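J.: Handing you a structure now.
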Amino acid sequence: MRQLPETDSDTIRRAQDPQFARWLEQITATGGCAHPVHLSGLTTTLDATTGEILRHYDTRDEPGERLLVRCRNRRATVCAPCSRLHAGDTFHLVRAGLLGGKNIPADIRHRPRLFLTLTAPSFGPVHRAAGDRCRPRRDGGTCEHERPLGCTVVHAPDAPLVGHPLCPDCYDYTAHAVWHAHASKLWDRFVIDVRRRLATSVGLVQSQLGSHARLSFARVAEYQKRAAVHIHAVIRLDGPNGPTDDAPAWGTTELLADAVHASARRVLVRTSYSPAIGELTLRWGEQLDARPLHVNGDGDGPDDDAVAAYVAKYVTKGASETGAGLDRPITSRDDIEAAPVAAHVRTLMRTCWRLGGLPEYEPLRLRAWAHTLGYRGHILTKSRAYSTTYTALRAERAHHLGHTEIPDTATERNWHYVGSGHTPGAALIAAGIAEDLAANREAAREAGSSGSRGALGTG
């Protein structure tokens with residue numbers, strides 16, 4: 001008798017389980033999470049005065065005596081359902097810092113605000129998709145490795161060569177990897193210098209700026225085609241207490257833009273001396289974009305919702321999805337050689353691994369971060385006073401779902417991690433639930449959009 005494939009037999013076994021309906025409720029509650037965390041334990045809520053048990057929950061009554069909760073991974077390549085939730089939270093987090101809401105006053109939309117893009121410097125010429133010839137050179141010529149100095153091909157945006165060096169031997173892979181390792185420090189120095197320049201421009205010393213104004217920001221890192229990180233950031237100027245204070249009278253968008261441009265050109269990071277490669281001076285690239293933000297497209301700059309959606313989109317992209325690395329750490333040289341990445345990215349990984357073995361670069365942990373090409377900062381970073389937090393957004397969502405603490409009670413909890421992930425059949429069912437939920441959301445969004453258009457049309 002022919003045996004069923006493992007996935008089919010596991011699906012049938014799961015569906016025939018007497019507790020299948022409850023298990024399905026758990027999967028639906030996680031949104032069809034691809035890698036749920038399995039917990040075992042109990043929660044008991046007592047009246048703080050009398051000690052009476054008001055509510056008790058124990059996983060011994062659950063399928064497999066465990067509760068499934070979301071993995072909360074932000075990467076779409078790892079868990080699409082959780083990444084969609086994370087993108088939604090990011091959208092609201094960034095938008096609240098632009099338009100208010102989530103306990104942030106609405107008048108912040110009238111503060112000086114910029115949408116800023118900072119890029120990495122050039123580490124060598126790469127192939128481009130500029131709509132015209134890639135890198136035309138009137139005199140032609142070759143480099144010292146006998147490779148052409150130019151390229152006359154018109155590349156499509158998704159062409160495999162786009163972002164790859166014209167000559168891999170001329171490309172400064174060492175500087176690229178080390179720049180990635182210091183990008184977060186370069187950002188920190190940039191923010192400090194912007195504050196210093198704002199203070200100087202109005203006759204204050206930097207230590208006094210905090211009594212007059214506060215610089216708030218949210219930034220996201222994105223990999224370019226050349227596998228170099230660049231930074232998108234929303235920068236806002238507030239009063240000394242942050243969102244609750246208006247910016248000082250001298251605080252204008254033009255003044256903020258001038259400070260940003262000057263600081264981007266000025267700040268640098270010098271690496272510690274290495275006998276192997278010497279000392280490097282790291283800066284931002286020449287390409288800099290700082291555009292004023294306008295509410296609902298009122299002006300030449302991008303509107304707030306578009307910026308929030310843009311940031312939310314990129315914060316869920318893993319390194320593997322952009323083709324600039326992997327979503328898991330590398331543990332050996334063999335991992336690098338087996339990685340499904342382009343030759344340019346593989347060389348960057350090799351460079352991180354090689355430099356990570358040097359004693360002077362040990363603090364940079366380049367081997368631990370070789371899968372992200374040496375970049376070790378968070379994908380999204382914000383200043384404390386920019387807007388709300390992910391924790392607050394999750395608490396608000398729990399409150400909306402009715403998962404709140406009862407006043408004047410004491411809660412005892414005892415939970416243990418017992419595993420994660422799905423069996424093959426469970427994974428198939430969870431993927432179907434995730435697809436159904438996504439389709440329902442899309443249908444509701446389209447219905448809302450058509451309803452809005454209809455209402456506007458009747459006016």
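Residues in the structure tokens are named by chain (A, B, ... in the order shown) and by number from 1 within that chain; ligands are numbered from 1 in the order shown.
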Write down as a ChimeraX atom specification the residues belonging to range 100-283 of chain A that are assigned alpha helix (DSSP H) by DSSP computed on the backbone.
T.: /A:173-201,206-209,253-266
J.: Name all residues at most 10 Å from Ser207 in chain A (count only C-alpha atoms; drop same-chain ones fewer than 6 positions away) and give them as a short mmCIF file (atom, residue, chain, number, x, y, z; two decimals) with all heavy atoms, in the first residue's frame.
T.:
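Final file, around-v2.cif:
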```cif
data_model
loop_
_atom_site.label_atom_id
_atom_site.label_comp_id
_atom_site.auth_asym_id
_atom_site.auth_seq_id
_atom_site.Cartn_x
_atom_site.Cartn_y
_atom_site.Cartn_z
N ARG A 195 23.27 68.82 16.61
CA ARG A 195 22.90 69.58 17.81
C ARG A 195 23.89 70.72 18.05
O ARG A 195 23.50 71.84 18.40
CB ARG A 195 22.86 68.64 19.02
CG ARG A 195 21.76 67.59 18.97
CD ARG A 195 21.66 66.90 20.32
NE ARG A 195 20.62 65.87 20.32
CZ ARG A 195 20.85 64.57 20.38
NH1 ARG A 195 22.11 64.13 20.44
NH2 ARG A 195 19.87 63.70 20.38
N ARG A 196 25.17 70.41 17.89
CA ARG A 196 26.19 71.43 18.12
C ARG A 196 26.02 72.59 17.15
O ARG A 196 26.11 73.76 17.53
CB ARG A 196 27.58 70.80 17.97
CG ARG A 196 28.73 71.78 18.22
CD ARG A 196 30.06 71.10 18.03
NE ARG A 196 30.28 70.06 19.02
CZ ARG A 196 30.45 68.77 18.75
NH1 ARG A 196 30.42 68.37 17.48
NH2 ARG A 196 30.65 67.91 19.71
N ALA A 199 23.02 74.80 17.99
CA ALA A 199 23.32 75.68 19.12
C ALA A 199 24.20 76.84 18.68
O ALA A 199 23.93 78.01 19.00
CB ALA A 199 24.01 74.88 20.23
#
```
J.: Looking only at the backbone, which of the residues in range 190-428 of chain A does DSSP tag as strand (DSSP E), as a count of residues only?
T.: 44
J.: Taking 6 positions as the minimum chain separation for residues in the same chain, which residues sit within 6 Å of Gly239 in chain A when counting only C-alpha atoms? Answer as a list in words.
T.: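 The residues that qualify are Ala213, Arg214, Asp245, Asp246 and Ala247 of chain A.
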J.: Restricting the calculation to only C-alpha atoms: of A:Asp58, A:Ile27, A:Thr331, A:Phe20, which residue gets closest to Asn414 in chain A?
T.: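 Under the stated criterion, the closest residue is A:Asp58.
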J.: May I ask for the distance between CA of Gly325 in chain A and CA of Leu280 in chain A, given in Å to one decimal place?
T.: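 CA of Leu280 in chain A lies at a distance of 23.8 Å from CA of Gly325 in chain A.
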J.: Taking only C-alpha atoms into account, produce a table as a tab-separated table in which each residue of range 56-105 of chain A with an atom at most 12 Å from an atom of range 112-116 of chain A appears once, together with its shortest atom pair and the distance in Å to one decimal, ordered by chain and rising number.
T.:
```
residue	atom	partner	partner_atom	distance
A:Val94	CA	A:Phe115	CA	11.7
A:Gly97	CA	A:Arg113	CA	10.0
A:Leu98	CA	A:Arg113	CA	8.2
A:Leu99	CA	A:Arg113	CA	10.9
```
J.: Next, write the just-selected residues to a file, as a tab-separated table (two decimals), in the first residue's frame, keeping N, CA, C and O atoms as the atom set.
T.:
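Here's the written file again.tsv:
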```tsv
chain	number	residue	atom	x	y	z
A	94	VAL	N	6.16	55.49	13.31
A	94	VAL	CA	6.74	56.59	12.54
A	94	VAL	C	5.70	57.68	12.29
A	94	VAL	O	5.99	58.87	12.43
A	97	GLY	N	5.05	60.10	15.09
A	97	GLY	CA	6.08	61.12	15.23
A	97	GLY	C	6.01	62.19	14.15
A	97	GLY	O	6.75	63.18	14.20
A	98	LEU	N	5.14	61.97	13.15
A	98	LEU	CA	4.98	62.93	12.06
A	98	LEU	C	3.68	63.73	12.17
A	98	LEU	O	3.66	64.94	11.93
A	99	LEU	N	2.60	63.03	12.56
A	99	LEU	CA	1.28	63.66	12.57
A	99	LEU	C	0.62	63.67	13.94
A	99	LEU	O	-0.46	64.24	14.11
```
J.: Residues within 12 Å of Pro424 in chain A, please, as a PyMOL selection string. Count only C-alpha atoms; anything in the same chain fewer than 6 positions from it doesn't count.
T.: chain A and resi 5-14+34-35+430-431
J.: With distances taken over only C-alpha atoms, which residue among A:Thr271, A:Ser184, A:Thr388, A:Thr253 lies nearest Tyr375 in chain A?
T.: A:Ser184
J.: Under the rule that only C-alpha atoms are counted, which of A:Pro240, A:Gly41, A:Pro359, A:Gly88 is the nearest residue to Arg397 in chain A?
T.: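 Closest to Arg397 in chain A of all the choices is A:Gly88.
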J.: Pick out the closest residue to His86 in chain A from this set: A:Cys134, A:Cys71, A:Ala262, A:Val418. Count only C-alpha atoms.
T.: A:Cys71
J.: May I ask which of the residues A:Ile379, A:Ala370, A:Val315, A:Leu237 is the closest one to Arg333 in chain A, counting only C-alpha atoms?
T.: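 Distance minimum relative to Arg333 in chain A lands on A:Ala370.
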J.: Return the single residue from A:Trp415, A:Phe123, A:Tyr57, A:Tyr223 that is closest to Gly285 in chain A, with distances computed using only C-alpha atoms.
T.: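 Distance minimum relative to Gly285 in chain A lands on A:Phe123.
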J.: Could you tell me how far CA of Thr381 in chain A lies from CA of Val220 in chain A, in Å and to one decimal?
T.: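 Separating CA of Thr381 in chain A from CA of Val220 in chain A is a distance of 6.5 Å.
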J.: Neighbours of range 143-155 of chain A within 12 Å (only C-alpha atoms; same-chain residues fewer than 4 positions away dropped), as a ChimeraX atom specification?
T.: /A:124-139,159-171
J.: Using only C-alpha atoms, tabulate the residues of range 152-267 of chain A lying at most 7 Å from any atom of range 337-356 of chain A, each with its closest atom pair and that distance in Å to one decimal, by chain and increasing residue number, as JSON lines.
T.:
```
{"residue": "A:His164", "atom": "CA", "partner": "A:His344", "partner_atom": "CA", "distance": 6.0}
{"residue": "A:Tyr173", "atom": "CA", "partner": "A:Leu348", "partner_atom": "CA", "distance": 6.1}
{"residue": "A:Thr174", "atom": "CA", "partner": "A:Thr351", "partner_atom": "CA", "distance": 6.4}
{"residue": "A:Ala177", "atom": "CA", "partner": "A:Cys352", "partner_atom": "CA", "distance": 6.1}
{"residue": "A:Ala227", "atom": "CA", "partner": "A:Val345", "partner_atom": "CA", "distance": 6.9}
```
